[in-house]
file run-v4.pdb (PDB, C-alpha atoms)
MODEL        1
ATOM      1  CA  MET A   1    -104.010 -27.432  -2.827
ATOM      2  CA  ASN A   2    -101.471 -29.122  -0.531
ATOM      3  CA  ASP A   3     -99.813 -30.750  -3.517
ATOM      4  CA  LEU A   4     -99.587 -27.408  -5.249
ATOM      5  CA  ILE A   5     -98.085 -25.811  -2.131
ATOM      6  CA  ALA A   6     -95.367 -28.477  -2.005
ATOM      7  CA  GLU A   7     -94.737 -28.025  -5.737
ATOM      8  CA  VAL A   8     -94.445 -24.237  -5.512
ATOM      9  CA  LYS A   9     -92.076 -24.468  -2.528
ATOM     10  CA  GLN A  10     -89.786 -26.713  -4.576
ATOM     11  CA  LEU A  11     -90.102 -24.365  -7.564
ATOM     12  CA  ILE A  12     -88.998 -21.435  -5.376
ATOM     13  CA  ILE A  13     -86.010 -23.379  -4.042
ATOM     14  CA  ASP A  14     -84.910 -24.476  -7.522
ATOM     15  CA  ALA A  15     -85.519 -21.224  -9.386
ATOM     16  CA  LEU A  16     -83.857 -19.061  -6.730
ATOM     17  CA  GLU A  17     -81.034 -21.495  -5.929
ATOM     18  CA  LEU A  18     -81.805 -21.500  -2.194
ATOM     19  CA  GLU A  19     -79.037 -24.016  -1.516
ATOM     20  CA  ASP A  20     -79.496 -24.590   2.207
ATOM     21  CA  ILE A  21     -83.304 -24.473   2.388
ATOM     22  CA  GLU A  22     -85.700 -27.467   2.396
ATOM     23  CA  PRO A  23     -89.417 -27.226   1.450
ATOM     24  CA  GLN A  24     -90.419 -27.773   5.102
ATOM     25  CA  ASP A  25     -88.307 -24.713   6.103
ATOM     26  CA  ILE A  26     -90.665 -22.451   4.148
ATOM     27  CA  ASP A  27     -93.771 -21.353   6.050
ATOM     28  CA  ALA A  28     -96.557 -21.229   3.429
ATOM     29  CA  ASP A  29     -98.196 -18.229   5.112
ATOM     30  CA  ALA A  30     -95.050 -16.191   5.905
ATOM     31  CA  PRO A  31     -94.021 -13.300   3.645
ATOM     32  CA  LEU A  32     -91.668 -14.375   0.838
ATOM     33  CA  PHE A  33     -89.969 -11.011   0.544
ATOM     34  CA  ASN A  34     -88.029  -8.876   3.015
ATOM     35  CA  ASP A  35     -88.945 -10.085   6.527
ATOM     36  CA  GLY A  36     -89.933 -13.699   5.846
ATOM     37  CA  LEU A  37     -87.807 -15.761   3.504
ATOM     38  CA  GLY A  38     -85.733 -12.657   2.707
ATOM     39  CA  LEU A  39     -86.112 -12.637  -1.062
ATOM     40  CA  ASP A  40     -85.445  -9.453  -3.047
ATOM     41  CA  SER A  41     -86.680  -7.730  -6.204
ATOM     42  CA  ILE A  42     -84.472  -9.797  -8.549
ATOM     43  CA  ASP A  43     -86.012 -12.918  -6.976
ATOM     44  CA  ALA A  44     -89.473 -11.543  -7.785
ATOM     45  CA  LEU A  45     -88.524 -11.272 -11.472
ATOM     46  CA  GLU A  46     -86.916 -14.713 -11.437
ATOM     47  CA  LEU A  47     -89.950 -16.261  -9.748
ATOM     48  CA  GLY A  48     -92.250 -14.582 -12.289
ATOM     49  CA  VAL A  49     -90.306 -16.259 -15.127
ATOM     50  CA  ALA A  50     -90.332 -19.651 -13.348
ATOM     51  CA  ILE A  51     -94.114 -19.507 -12.759
ATOM     52  CA  LYS A  52     -94.704 -18.534 -16.368
ATOM     53  CA  LYS A  53     -92.623 -21.513 -17.510
ATOM     54  CA  ALA A  54     -94.247 -23.997 -15.139
ATOM     55  CA  TYR A  55     -97.916 -22.924 -15.273
ATOM     56  CA  ASN A  56     -98.093 -20.679 -18.343
ATOM     57  CA  ILE A  57     -99.362 -17.801 -16.204
ATOM     58  CA  LYS A  58     -98.032 -14.297 -16.597
ATOM     59  CA  LEU A  59     -97.406 -12.202 -13.484
ATOM     60  CA  GLU A  60     -96.434  -8.569 -13.980
ATOM     61  CA  GLY A  61     -93.275  -8.017 -11.964
ATOM     62  CA  ASN A  62     -94.083  -4.700 -10.360
ATOM     63  CA  SER A  63     -97.857  -4.155 -10.333
ATOM     64  CA  GLU A  64     -99.756  -3.724  -7.039
ATOM     65  CA  GLU A  65    -101.872  -6.736  -7.992
ATOM     66  CA  SER A  66     -98.766  -8.942  -8.391
ATOM     67  CA  LYS A  67     -97.423  -7.837  -5.023
ATOM     68  CA  LYS A  68    -100.526  -9.325  -3.382
ATOM     69  CA  HIS A  69    -100.085 -12.628  -5.228
ATOM     70  CA  PHE A  70     -96.377 -12.738  -4.386
ATOM     71  CA  TYR A  71     -97.013 -12.186  -0.671
ATOM     72  CA  SER A  72     -96.670 -15.822   0.433
ATOM     73  CA  VAL A  73     -96.627 -19.375  -0.928
ATOM     74  CA  THR A  74    -100.348 -19.652  -0.107
ATOM     75  CA  THR A  75    -101.358 -16.465  -1.974
ATOM     76  CA  LEU A  76     -99.217 -17.532  -4.914
ATOM     77  CA  CYS A  77    -100.897 -20.962  -5.016
ATOM     78  CA  GLU A  78    -104.371 -19.411  -4.847
ATOM     79  CA  PHE A  79    -103.471 -17.229  -7.807
ATOM     80  CA  ILE A  80    -102.034 -20.170  -9.775
ATOM     81  CA  GLN A  81    -105.102 -22.326  -9.056
ATOM     82  CA  ALA A  82    -107.486 -19.585 -10.184
ATOM     83  CA  ASN A  83    -105.595 -18.896 -13.422
ATOM     84  CA  ARG A  84    -104.109 -22.143 -14.708
ATOM     85  CA  ASN A  85    -105.626 -23.736 -17.852
TER      86      ASN A  85
ATOM     87  CA  MET B   1     -41.737   6.311 -17.556
ATOM     88  CA  VAL B   2     -41.032   3.780 -14.818
ATOM     89  CA  PHE B   3     -43.584   2.599 -12.262
ATOM     90  CA  TYR B   4     -42.314   1.462  -8.859
ATOM     91  CA  PHE B   5     -44.460  -0.771  -6.698
ATOM     92  CA  ASN B   6     -44.757  -3.478  -4.061
ATOM     93  CA  VAL B   7     -47.065  -6.456  -4.000
ATOM     94  CA  ALA B   8     -48.452  -6.027  -0.454
ATOM     95  CA  ASN B   9     -50.550  -9.192  -0.661
ATOM     96  CA  TRP B  10     -51.822 -11.604  -3.306
ATOM     97  CA  SER B  11     -54.065 -14.576  -3.814
ATOM     98  CA  ALA B  12     -54.478 -16.893  -6.799
ATOM     99  CA  TRP B  13     -56.731 -19.859  -7.562
ATOM    100  CA  ALA B  14     -56.372 -22.438 -10.334
ATOM    101  CA  ASP B  15     -56.991 -26.197 -10.717
ATOM    102  CA  GLY B  16     -55.585 -27.652  -7.475
ATOM    103  CA  LEU B  17     -53.479 -24.538  -6.714
ATOM    104  CA  GLU B  18     -55.327 -22.475  -4.131
ATOM    105  CA  THR B  19     -52.955 -20.973  -1.569
ATOM    106  CA  GLN B  20     -49.668 -19.045  -1.713
ATOM    107  CA  ALA B  21     -47.979 -22.218  -0.379
ATOM    108  CA  ASP B  22     -49.449 -24.237  -3.309
ATOM    109  CA  TRP B  23     -48.096 -21.692  -5.781
ATOM    110  CA  GLN B  24     -44.657 -21.666  -4.151
ATOM    111  CA  GLN B  25     -44.553 -25.450  -4.578
ATOM    112  CA  TRP B  26     -45.794 -25.122  -8.158
ATOM    113  CA  GLN B  27     -43.067 -22.596  -8.904
ATOM    114  CA  ALA B  28     -40.447 -24.948  -7.425
ATOM    115  CA  GLY B  29     -41.761 -27.784  -9.603
ATOM    116  CA  GLU B  30     -43.041 -29.744  -6.584
ATOM    117  CA  LYS B  31     -46.719 -29.425  -7.433
ATOM    118  CA  GLN B  32     -48.618 -29.551 -10.736
ATOM    119  CA  LEU B  33     -51.908 -28.151 -11.927
ATOM    120  CA  ALA B  34     -54.728 -30.633 -11.184
ATOM    121  CA  ASP B  35     -57.386 -31.679 -13.713
ATOM    122  CA  GLU B  36     -60.327 -30.095 -11.940
ATOM    123  CA  LEU B  37     -61.170 -26.702 -10.517
ATOM    124  CA  ASN B  38     -62.425 -26.773  -6.915
ATOM    125  CA  LEU B  39     -64.602 -23.923  -5.743
ATOM    126  CA  PRO B  40     -63.781 -21.814  -2.683
ATOM    127  CA  ALA B  41     -66.275 -21.888   0.218
ATOM    128  CA  LEU B  42     -66.455 -18.075   0.307
ATOM    129  CA  LYS B  43     -67.811 -18.130   3.866
ATOM    130  CA  SER B  44     -67.447 -14.366   4.246
ATOM    131  CA  VAL B  45     -70.274 -13.778   1.748
ATOM    132  CA  PRO B  46     -73.780 -14.198   3.276
ATOM    133  CA  PRO B  47     -75.576 -17.348   1.922
ATOM    134  CA  MET B  48     -78.454 -15.342   0.371
ATOM    135  CA  GLN B  49     -75.901 -13.431  -1.741
ATOM    136  CA  ARG B  50     -73.568 -16.374  -2.291
ATOM    137  CA  ARG B  51     -76.288 -18.505  -3.925
ATOM    138  CA  ARG B  52     -76.192 -16.362  -7.073
ATOM    139  CA  LEU B  53     -72.452 -16.688  -7.621
ATOM    140  CA  SER B  54     -71.228 -18.751 -10.569
ATOM    141  CA  PRO B  55     -67.920 -20.683 -10.407
ATOM    142  CA  PHE B  56     -66.287 -17.730 -12.209
ATOM    143  CA  ALA B  57     -67.667 -15.274  -9.647
ATOM    144  CA  LYS B  58     -66.671 -17.499  -6.715
ATOM    145  CA  VAL B  59     -63.007 -17.938  -7.634
ATOM    146  CA  THR B  60     -62.649 -14.264  -8.549
ATOM    147  CA  LEU B  61     -64.283 -12.892  -5.407
ATOM    148  CA  HIS B  62     -62.355 -15.320  -3.219
ATOM    149  CA  CYS B  63     -59.051 -13.990  -4.555
ATOM    150  CA  ALA B  64     -60.203 -10.355  -4.448
ATOM    151  CA  LEU B  65     -61.404 -10.567  -0.836
ATOM    152  CA  GLU B  66     -58.387 -12.529   0.334
ATOM    153  CA  ALA B  67     -55.804 -10.243  -1.293
ATOM    154  CA  ALA B  68     -57.575  -7.021  -0.273
ATOM    155  CA  GLY B  69     -57.914  -8.058   3.395
ATOM    156  CA  ASP B  70     -58.695  -5.045   5.593
ATOM    157  CA  ASP B  71     -58.405  -2.740   2.564
ATOM    158  CA  ALA B  72     -61.429  -4.370   0.862
ATOM    159  CA  SER B  73     -63.854  -1.709   2.100
ATOM    160  CA  HIS B  74     -62.023   1.262   0.560
ATOM    161  CA  VAL B  75     -59.276   0.299  -1.907
ATOM    162  CA  PRO B  76     -59.761   1.403  -5.559
ATOM    163  CA  SER B  77     -59.718  -1.547  -7.955
ATOM    164  CA  VAL B  78     -59.382  -2.796 -11.520
ATOM    165  CA  PHE B  79     -61.102  -6.031 -12.624
ATOM    166  CA  ALA B  80     -59.901  -7.695 -15.817
ATOM    167  CA  SER B  81     -61.064 -10.701 -17.803
ATOM    168  CA  ARG B  82     -60.731 -11.657 -21.442
ATOM    169  CA  HIS B  83     -63.909 -13.722 -21.642
ATOM    170  CA  GLY B  84     -65.908 -12.612 -18.612
ATOM    171  CA  ASP B  85     -68.477 -15.107 -17.333
ATOM    172  CA  LEU B  86     -68.701 -16.795 -20.736
ATOM    173  CA  HIS B  87     -70.417 -19.940 -19.419
ATOM    174  CA  LYS B  88     -73.262 -17.761 -18.184
ATOM    175  CA  THR B  89     -73.379 -15.664 -21.366
ATOM    176  CA  THR B  90     -73.439 -18.823 -23.483
ATOM    177  CA  ALA B  91     -76.384 -20.244 -21.502
ATOM    178  CA  LEU B  92     -78.260 -16.975 -22.080
ATOM    179  CA  ILE B  93     -77.518 -16.995 -25.819
ATOM    180  CA  GLU B  94     -78.713 -20.618 -26.014
ATOM    181  CA  ALA B  95     -81.966 -19.602 -24.278
ATOM    182  CA  VAL B  96     -82.428 -16.791 -26.817
ATOM    183  CA  ALA B  97     -81.883 -19.276 -29.666
ATOM    184  CA  LYS B  98     -84.532 -21.585 -28.193
ATOM    185  CA  LYS B  99     -86.875 -18.596 -27.738
ATOM    186  CA  GLU B 100     -87.047 -19.242 -23.981
ATOM    187  CA  ASP B 101     -87.460 -16.564 -21.340
ATOM    188  CA  LEU B 102     -84.127 -15.371 -19.993
ATOM    189  CA  SER B 103     -83.336 -15.644 -16.306
ATOM    190  CA  PRO B 104     -83.231 -12.052 -14.964
ATOM    191  CA  THR B 105     -80.592 -13.019 -12.389
ATOM    192  CA  GLN B 106     -78.314 -14.613 -14.976
ATOM    193  CA  PHE B 107     -78.795 -11.664 -17.299
ATOM    194  CA  GLY B 108     -78.015  -9.114 -14.586
ATOM    195  CA  LEU B 109     -74.819 -10.905 -13.611
ATOM    196  CA  SER B 110     -73.524 -11.587 -17.121
ATOM    197  CA  VAL B 111     -72.268  -8.081 -17.954
ATOM    198  CA  HIS B 112     -68.510  -7.589 -18.033
ATOM    199  CA  ASN B 113     -68.379  -5.450 -14.899
ATOM    200  CA  ALA B 114     -70.700  -7.729 -12.872
ATOM    201  CA  LEU B 115     -67.865  -8.948 -10.643
ATOM    202  CA  ALA B 116     -66.701  -5.428  -9.913
ATOM    203  CA  GLY B 117     -70.295  -4.658  -8.928
ATOM    204  CA  LEU B 118     -70.600  -7.727  -6.690
ATOM    205  CA  PHE B 119     -67.288  -6.904  -4.996
ATOM    206  CA  SER B 120     -68.460  -3.354  -4.367
ATOM    207  CA  ILE B 121     -71.801  -4.575  -2.907
ATOM    208  CA  PHE B 122     -70.223  -7.195  -0.610
ATOM    209  CA  THR B 123     -67.544  -4.862   0.722
ATOM    210  CA  GLN B 124     -69.596  -1.615   0.662
ATOM    211  CA  ASN B 125     -66.615  -0.206  -1.221
ATOM    212  CA  THR B 126     -67.455   2.974  -3.166
ATOM    213  CA  ALA B 127     -63.935   3.727  -4.455
ATOM    214  CA  PRO B 128     -63.391   3.970  -8.244
ATOM    215  CA  ILE B 129     -63.524   0.623 -10.075
ATOM    216  CA  SER B 130     -62.924  -0.162 -13.720
ATOM    217  CA  ALA B 131     -63.263  -3.289 -15.845
ATOM    218  CA  VAL B 132     -60.759  -4.234 -18.564
ATOM    219  CA  ALA B 133     -60.903  -6.712 -21.452
ATOM    220  CA  ALA B 134     -57.926  -6.762 -23.845
ATOM    221  CA  GLY B 135     -57.837 -10.063 -25.741
ATOM    222  CA  GLU B 136     -54.878 -12.366 -25.140
ATOM    223  CA  SER B 137     -52.978  -9.575 -23.356
ATOM    224  CA  THR B 138     -55.730  -8.929 -20.820
ATOM    225  CA  PHE B 139     -53.711  -9.893 -17.743
ATOM    226  CA  ILE B 140     -50.826  -7.529 -18.468
ATOM    227  CA  ALA B 141     -53.042  -4.767 -19.908
ATOM    228  CA  GLY B 142     -55.062  -4.754 -16.669
ATOM    229  CA  LEU B 143     -51.933  -4.781 -14.530
ATOM    230  CA  VAL B 144     -50.397  -1.875 -16.455
ATOM    231  CA  ASP B 145     -53.723  -0.043 -16.184
ATOM    232  CA  SER B 146     -53.758  -0.571 -12.396
ATOM    233  CA  LEU B 147     -50.212   0.752 -11.931
ATOM    234  CA  VAL B 148     -50.875   3.784 -14.134
ATOM    235  CA  LYS B 149     -54.126   4.504 -12.288
ATOM    236  CA  MET B 150     -52.385   4.256  -8.913
ATOM    237  CA  GLN B 151     -49.605   6.656  -9.981
ATOM    238  CA  ILE B 152     -51.784   9.243 -11.767
ATOM    239  CA  ASN B 153     -54.299   9.410  -8.910
ATOM    240  CA  GLN B 154     -51.617   9.109  -6.208
ATOM    241  CA  TYR B 155     -53.385   6.183  -4.552
ATOM    242  CA  ALA B 156     -51.433   4.459  -1.762
ATOM    243  CA  LYS B 157     -52.786   1.092  -2.944
ATOM    244  CA  ILE B 158     -54.873  -0.425  -5.703
ATOM    245  CA  LEU B 159     -56.410  -3.894  -6.009
ATOM    246  CA  TYR B 160     -55.884  -5.652  -9.319
ATOM    247  CA  VAL B 161     -58.082  -8.691 -10.036
ATOM    248  CA  TYR B 162     -57.816 -10.878 -13.134
ATOM    249  CA  SER B 163     -59.772 -14.047 -13.908
ATOM    250  CA  ASP B 164     -60.652 -16.297 -16.834
ATOM    251  CA  LEU B 165     -62.066 -19.805 -16.954
ATOM    252  CA  LYS B 166     -61.651 -22.263 -19.829
ATOM    253  CA  VAL B 167     -64.204 -21.344 -22.482
ATOM    254  CA  PRO B 168     -67.324 -23.495 -23.135
ATOM    255  CA  THR B 169     -66.816 -26.337 -25.639
ATOM    256  CA  CYS B 170     -68.527 -24.469 -28.473
ATOM    257  CA  TYR B 171     -65.817 -21.748 -28.348
ATOM    258  CA  GLN B 172     -62.774 -23.957 -27.873
ATOM    259  CA  ASN B 173     -61.745 -23.866 -31.534
ATOM    260  CA  TYR B 174     -61.408 -20.089 -31.352
ATOM    261  CA  VAL B 175     -58.885 -19.830 -28.515
ATOM    262  CA  ALA B 176     -55.369 -21.104 -27.864
ATOM    263  CA  GLU B 177     -55.161 -24.695 -26.630
ATOM    264  CA  ASN B 178     -53.229 -23.774 -23.498
ATOM    265  CA  GLU B 179     -55.970 -21.657 -21.918
ATOM    266  CA  LYS B 180     -56.334 -22.473 -18.229
ATOM    267  CA  ASN B 181     -58.630 -21.686 -15.313
ATOM    268  CA  ILE B 182     -57.093 -18.857 -13.282
ATOM    269  CA  ALA B 183     -58.082 -16.105 -10.881
ATOM    270  CA  ILE B 184     -55.515 -13.814  -9.312
ATOM    271  CA  ALA B 185     -55.720 -10.708  -7.154
ATOM    272  CA  LEU B 186     -52.778  -8.435  -6.361
ATOM    273  CA  LEU B 187     -52.866  -5.745  -3.689
ATOM    274  CA  LEU B 188     -50.449  -3.271  -5.274
ATOM    275  CA  GLU B 189     -48.782  -0.591  -3.192
ATOM    276  CA  ALA B 190     -47.074   2.566  -4.450
ATOM    277  CA  SER B 191     -43.465   2.793  -3.369
ATOM    278  CA  PRO B 192     -40.546   5.218  -3.641
ATOM    279  CA  MET B 193     -37.896   3.927  -6.046
ATOM    280  CA  GLU B 194     -35.383   3.037  -3.304
ATOM    281  CA  GLN B 195     -37.793   0.784  -1.395
ATOM    282  CA  ALA B 196     -39.714  -0.756  -4.287
ATOM    283  CA  GLN B 197     -39.797  -4.529  -4.742
ATOM    284  CA  PHE B 198     -40.625  -4.195  -8.429
ATOM    285  CA  SER B 199     -40.535  -1.753 -11.315
ATOM    286  CA  LEU B 200     -42.358  -1.739 -14.619
ATOM    287  CA  ALA B 201     -41.292   0.023 -17.817
ATOM    288  CA  GLN B 202     -41.909  -0.212 -21.519
ATOM    289  CA  THR B 203     -39.040  -1.669 -23.502
ATOM    290  CA  LYS B 204     -37.952  -2.481 -27.051
ATOM    291  CA  LEU B 205     -36.964  -5.983 -28.007
ATOM    292  CA  SER B 206     -35.956  -7.601 -31.263
ATOM    293  CA  GLN B 207     -38.550  -9.873 -32.828
ATOM    294  CA  SER B 208     -36.666 -13.072 -31.936
ATOM    295  CA  GLU B 209     -36.327 -12.193 -28.259
ATOM    296  CA  HIS B 210     -39.952 -11.192 -28.315
ATOM    297  CA  THR B 211     -41.318 -14.567 -29.373
ATOM    298  CA  LEU B 212     -38.856 -16.351 -27.110
ATOM    299  CA  GLU B 213     -40.260 -14.732 -23.982
ATOM    300  CA  LEU B 214     -43.919 -14.927 -24.760
ATOM    301  CA  ASN B 215     -45.008 -18.501 -24.397
ATOM    302  CA  GLY B 216     -47.614 -19.482 -21.829
ATOM    303  CA  PRO B 217     -50.546 -17.629 -20.342
ATOM    304  CA  GLN B 218     -49.462 -14.290 -18.885
ATOM    305  CA  ALA B 219     -50.966 -14.692 -15.407
ATOM    306  CA  PHE B 220     -49.046 -17.937 -14.810
ATOM    307  CA  SER B 221     -45.793 -16.326 -15.982
ATOM    308  CA  PHE B 222     -46.400 -13.465 -13.578
ATOM    309  CA  ILE B 223     -47.024 -15.804 -10.620
ATOM    310  CA  GLN B 224     -43.831 -17.664 -11.541
ATOM    311  CA  PHE B 225     -41.995 -14.320 -11.459
ATOM    312  CA  LEU B 226     -43.648 -13.336  -8.169
ATOM    313  CA  CYS B 227     -42.783 -16.602  -6.375
ATOM    314  CA  SER B 228     -39.227 -16.955  -7.633
ATOM    315  CA  ASN B 229     -36.015 -14.925  -7.657
ATOM    316  CA  GLN B 230     -36.309 -14.418 -11.403
ATOM    317  CA  PRO B 231     -34.772 -10.936 -12.035
ATOM    318  CA  ALA B 232     -37.125  -9.855 -14.835
ATOM    319  CA  LEU B 233     -40.326 -10.720 -16.660
ATOM    320  CA  ILE B 234     -41.020  -9.548 -20.188
ATOM    321  CA  GLN B 235     -44.602  -9.455 -21.433
ATOM    322  CA  ALA B 236     -46.406  -7.985 -24.429
ATOM    323  CA  ILE B 237     -49.604  -6.098 -25.064
ATOM    324  CA  GLN B 238     -49.879  -6.536 -28.824
ATOM    325  CA  GLN B 239     -46.961  -4.472 -30.246
ATOM    326  CA  GLN B 240     -45.961  -3.041 -26.866
ATOM    327  CA  THR B 241     -43.419  -4.839 -24.750
ATOM    328  CA  TRP B 242     -43.245  -4.305 -21.005
ATOM    329  CA  VAL B 243     -40.559  -5.416 -18.602
ATOM    330  CA  PHE B 244     -41.011  -6.047 -14.882
ATOM    331  CA  ASN B 245     -37.786  -5.875 -12.871
ATOM    332  CA  ARG B 246     -37.168  -7.155  -9.376
ATOM    333  CA  ALA B 247     -35.126  -4.836  -7.131
ATOM    334  CA  ASN B 248     -31.757  -6.237  -6.168
ATOM    335  CA  GLY B 249     -32.151  -7.740  -2.712
TER     336      GLY B 249
ENDMDL
END

call {"tool": "encode", "arguments": {"input": "run-v4.pdb", "output": "structure tokens"}}
result
Amino acid sequence: MNDLIAEVKQLIIDALELEDIEPQDIDADAPLFNDGLGLDSIDALELGVAIKKAYNIKLEGNSEESKKHFYSVTTLCEFIQANRN
Amino acid sequence: MVFYFNVANWSAWADGLETQADWQQWQAGEKQLADELNLPALKSVPPMQRRRLSPFAKVTLHCALEAAGDDASHVPSVFASRHGDLHKTTALIEAVAKKEDLSPTQFGLSVHNALAGLFSIFTQNTAPISAVAAGESTFIAGLVDSLVKMQINQYAKILYVYSDLKVPTCYQNYVAENEKNIAIALLLEASPMEQAQFSLAQTKLSQSEHTLELNGPQAFSFIQFLCSNQPALIQAIQQQTWVFNRANG
């Protein structure tokens, strides 16, 4: 799980071009959107595409279910682990 | 019809030519275009917004924000580009060809009026904006459009922004060899005839004069005119010929 967390942090940085942010700057349990990392709705779409490419998992951009998975790095990793392969 | 105007402020960015002082030296023959385009730091744009800006967006917004100065939050504007963000569009088309998923961010920022939209978001400016593309005459077509818009609507000022980068390799056979990287923004100001720095009017020229005057990319010719004491600049929009005159000092 820790490996996956590190991987997803790097994926977020690369896919969203977070130039000045290092993986250790991202708190795995903090909200990704609005208050926490400060991502927006376009980032959610972009991240959905990146996760689909990397893990072959489809996340619907605007469903209530997806919002829960997108909450933090940890929730995202739990979702990826449960659904990959 | 004659349009009278001042250039209240301006900013231009090309390979190695980044400030008004650089352009003055270029005009005087003391400085040449470099081989590479640097990118402006664009510190006034918050990092979370800046991260999405392509080289094309960065040079254009730098010039727009610098030329507009304190007027950025309310001045009406015209954005012109022949090719738009063609490097971005090409990457998207290549992804389509490979049947890959398209990046939503890239897609959203690839439309022709994307820069006008970004400018409006960064500056909270809700004044009218339009986007112009007019082939090889885009620079002058956009400038004429800006001056007409300012006069018809009786604006005190209008911001004119033009930018084009060299096209991606796969398109290079379809454009003139002398295409260059250039972004320029002019803060144009309406002026009564007696106090105007410049005037613009349509003119008629013989074919020979016409070809004589029309070598070189239009934006560079205009900057040359702006930085020098050259009395007039003649430019074409397809069959139309326009002449800019400098008021006698």

call {"tool": "resolve_selection", "arguments": {"input": "run-v4.pdb", "expression": "the PyMOL selection byres ((chain B) within 12 of (chain A))", "output": "ChimeraX atom specification"}}
result
/B:46-54,100-109

call {"tool": "atom_distance", "arguments": {"input": "run-v4.pdb", "atom1": "atom CA of Phe225 of chain B", "atom2": "atom CA of Met193 of chain B"}}
result
19.5 Å

call {"tool": "resolve_selection", "arguments": {"input": "run-v4.pdb", "expression": "the PyMOL selection byres ((chain A and resi 73) around 10)", "output": "list in words"}}
result
Leu4, Ile5, Ala6, Val8, Lys9, Ile12, Ile26, Asp27, Ala28, Asp29, Ala30, Pro31, Leu32, His69, Phe70, Tyr71, Ser72, Thr74, Thr75, Leu76, Cys77, Glu78 and Phe79 of chain A

call {"tool": "resolve_selection", "arguments": {"input": "run-v4.pdb", "expression": "the PyMOL selection byres ((chain B and resi 201) around 6)", "output": "list in words"}}
result
Val2, Leu200, Gln202, Trp242 and Val243 of chain B

call {"tool": "closest_residue", "arguments": {"input": "run-v4.pdb", "among": "B:Leu118, B:Ala80, B:Ala28, B:Ala196", "to": "Leu61 of chain B", "atoms": "all atoms listed in the file"}}
result
B:Leu118

call {"tool": "axis_aligned_box", "arguments": {"input": "run-v4.pdb", "around": "segment 110-127 of chain B", "padding_each_side": "4 Å", "output": "AutoDock Vina command-line options"}}
result
--center_x -68.7 --center_y -3.9 --center_z -8.7 --size_x 17.6 --size_y 23.3 --size_z 26.8

call {"tool": "closest_residue", "arguments": {"input": "run-v4.pdb", "among": "B:His83, B:Lys43, B:Lys88, B:Lys98", "to": "Leu65 of chain B", "atoms": "only C-alpha atoms"}}
result
B:Lys43

call {"tool": "residues_near_point", "arguments": {"input": "run-v4.pdb", "point": "(-59.8, -23.3, -12.6)", "cutoff": "12 Å", "atoms": "all atoms listed in the file", "output": "PyMOL selection string"}}
result
chain B and resi 12-18+33-40+55-60+163-167+179-184

call {"tool": "atom_distance", "arguments": {"input": "run-v4.pdb", "atom1": "atom CA of Leu233 of chain B", "atom2": "atom CA of Pro76 of chain B"}}
result
25.5 Å

call {"tool": "atom_distance", "arguments": {"input": "run-v4.pdb", "atom1": "atom CA of Gln27 of chain B", "atom2": "atom CA of Asn6 of chain B"}}
result
19.8 Å

call {"tool": "residues_around", "arguments": {"input": "run-v4.pdb", "residues": "Thr203 of chain B", "least_positions_apart": "4", "cutoff": "10 Å", "atoms": "all atoms listed in the file", "output": "PyMOL selection string"}}
result
chain B and resi 234-236+240-244

call {"tool": "residues_around", "arguments": {"input": "run-v4.pdb", "residues": "Ser137 of chain B", "least_positions_apart": "2", "cutoff": "9 Å", "atoms": "all atoms listed in the file", "output": "compact mmCIF listing (two decimals) with C-alpha atoms, keeping the file's coordinate frame"}}
result
# COMPACT_ATOMS: atom_id res chain seq x y z
CA ARG B 82 -60.73 -11.66 -21.44
CA ALA B 133 -60.90 -6.71 -21.45
CA ALA B 134 -57.93 -6.76 -23.84
CA GLY B 135 -57.84 -10.06 -25.74
CA PHE B 139 -53.71 -9.89 -17.74
CA ILE B 140 -50.83 -7.53 -18.47
CA ALA B 141 -53.04 -4.77 -19.91
CA GLY B 142 -55.06 -4.75 -16.67
CA PRO B 217 -50.55 -17.63 -20.34
CA GLN B 218 -49.46 -14.29 -18.89
CA GLN B 235 -44.60 -9.46 -21.43
CA ALA B 236 -46.41 -7.98 -24.43
CA ILE B 237 -49.60 -6.10 -25.06
CA GLN B 238 -49.88 -6.54 -28.82

call {"tool": "residues_around", "arguments": {"input": "run-v4.pdb", "residues": "Ser228 of chain B", "least_positions_apart": "2", "cutoff": "12 Å", "atoms": "all atoms listed in the file", "output": "PyMOL selection string"}}
result
chain B and resi 23-29+221-226+230-233+246

call {"tool": "write_last_selection", "arguments": {"input": "run-v4.pdb", "atoms": "C-alpha atoms", "output": "PDB file, in the coordinates of the input"}}
result
ATOM      1  CA  TRP B  23     -48.096 -21.692  -5.781  1.00  0.00           C
ATOM      2  CA  GLN B  24     -44.657 -21.666  -4.151  1.00  0.00           C
ATOM      3  CA  GLN B  25     -44.553 -25.450  -4.578  1.00  0.00           C
ATOM      4  CA  TRP B  26     -45.794 -25.122  -8.158  1.00  0.00           C
ATOM      5  CA  GLN B  27     -43.067 -22.596  -8.904  1.00  0.00           C
ATOM      6  CA  ALA B  28     -40.447 -24.948  -7.425  1.00  0.00           C
ATOM      7  CA  GLY B  29     -41.761 -27.784  -9.603  1.00  0.00           C
ATOM      8  CA  SER B 221     -45.793 -16.326 -15.982  1.00  0.00           C
ATOM      9  CA  PHE B 222     -46.400 -13.465 -13.578  1.00  0.00           C
ATOM     10  CA  ILE B 223     -47.024 -15.804 -10.620  1.00  0.00           C
ATOM     11  CA  GLN B 224     -43.831 -17.664 -11.541  1.00  0.00           C
ATOM     12  CA  PHE B 225     -41.995 -14.320 -11.459  1.00  0.00           C
ATOM     13  CA  LEU B 226     -43.648 -13.336  -8.169  1.00  0.00           C
ATOM     14  CA  GLN B 230     -36.309 -14.418 -11.403  1.00  0.00           C
ATOM     15  CA  PRO B 231     -34.772 -10.936 -12.035  1.00  0.00           C
ATOM     16  CA  ALA B 232     -37.125  -9.855 -14.835  1.00  0.00           C
ATOM     17  CA  LEU B 233     -40.326 -10.720 -16.660  1.00  0.00           C
ATOM     18  CA  ARG B 246     -37.168  -7.155  -9.376  1.00  0.00           C
TER      19      ARG B 246
END
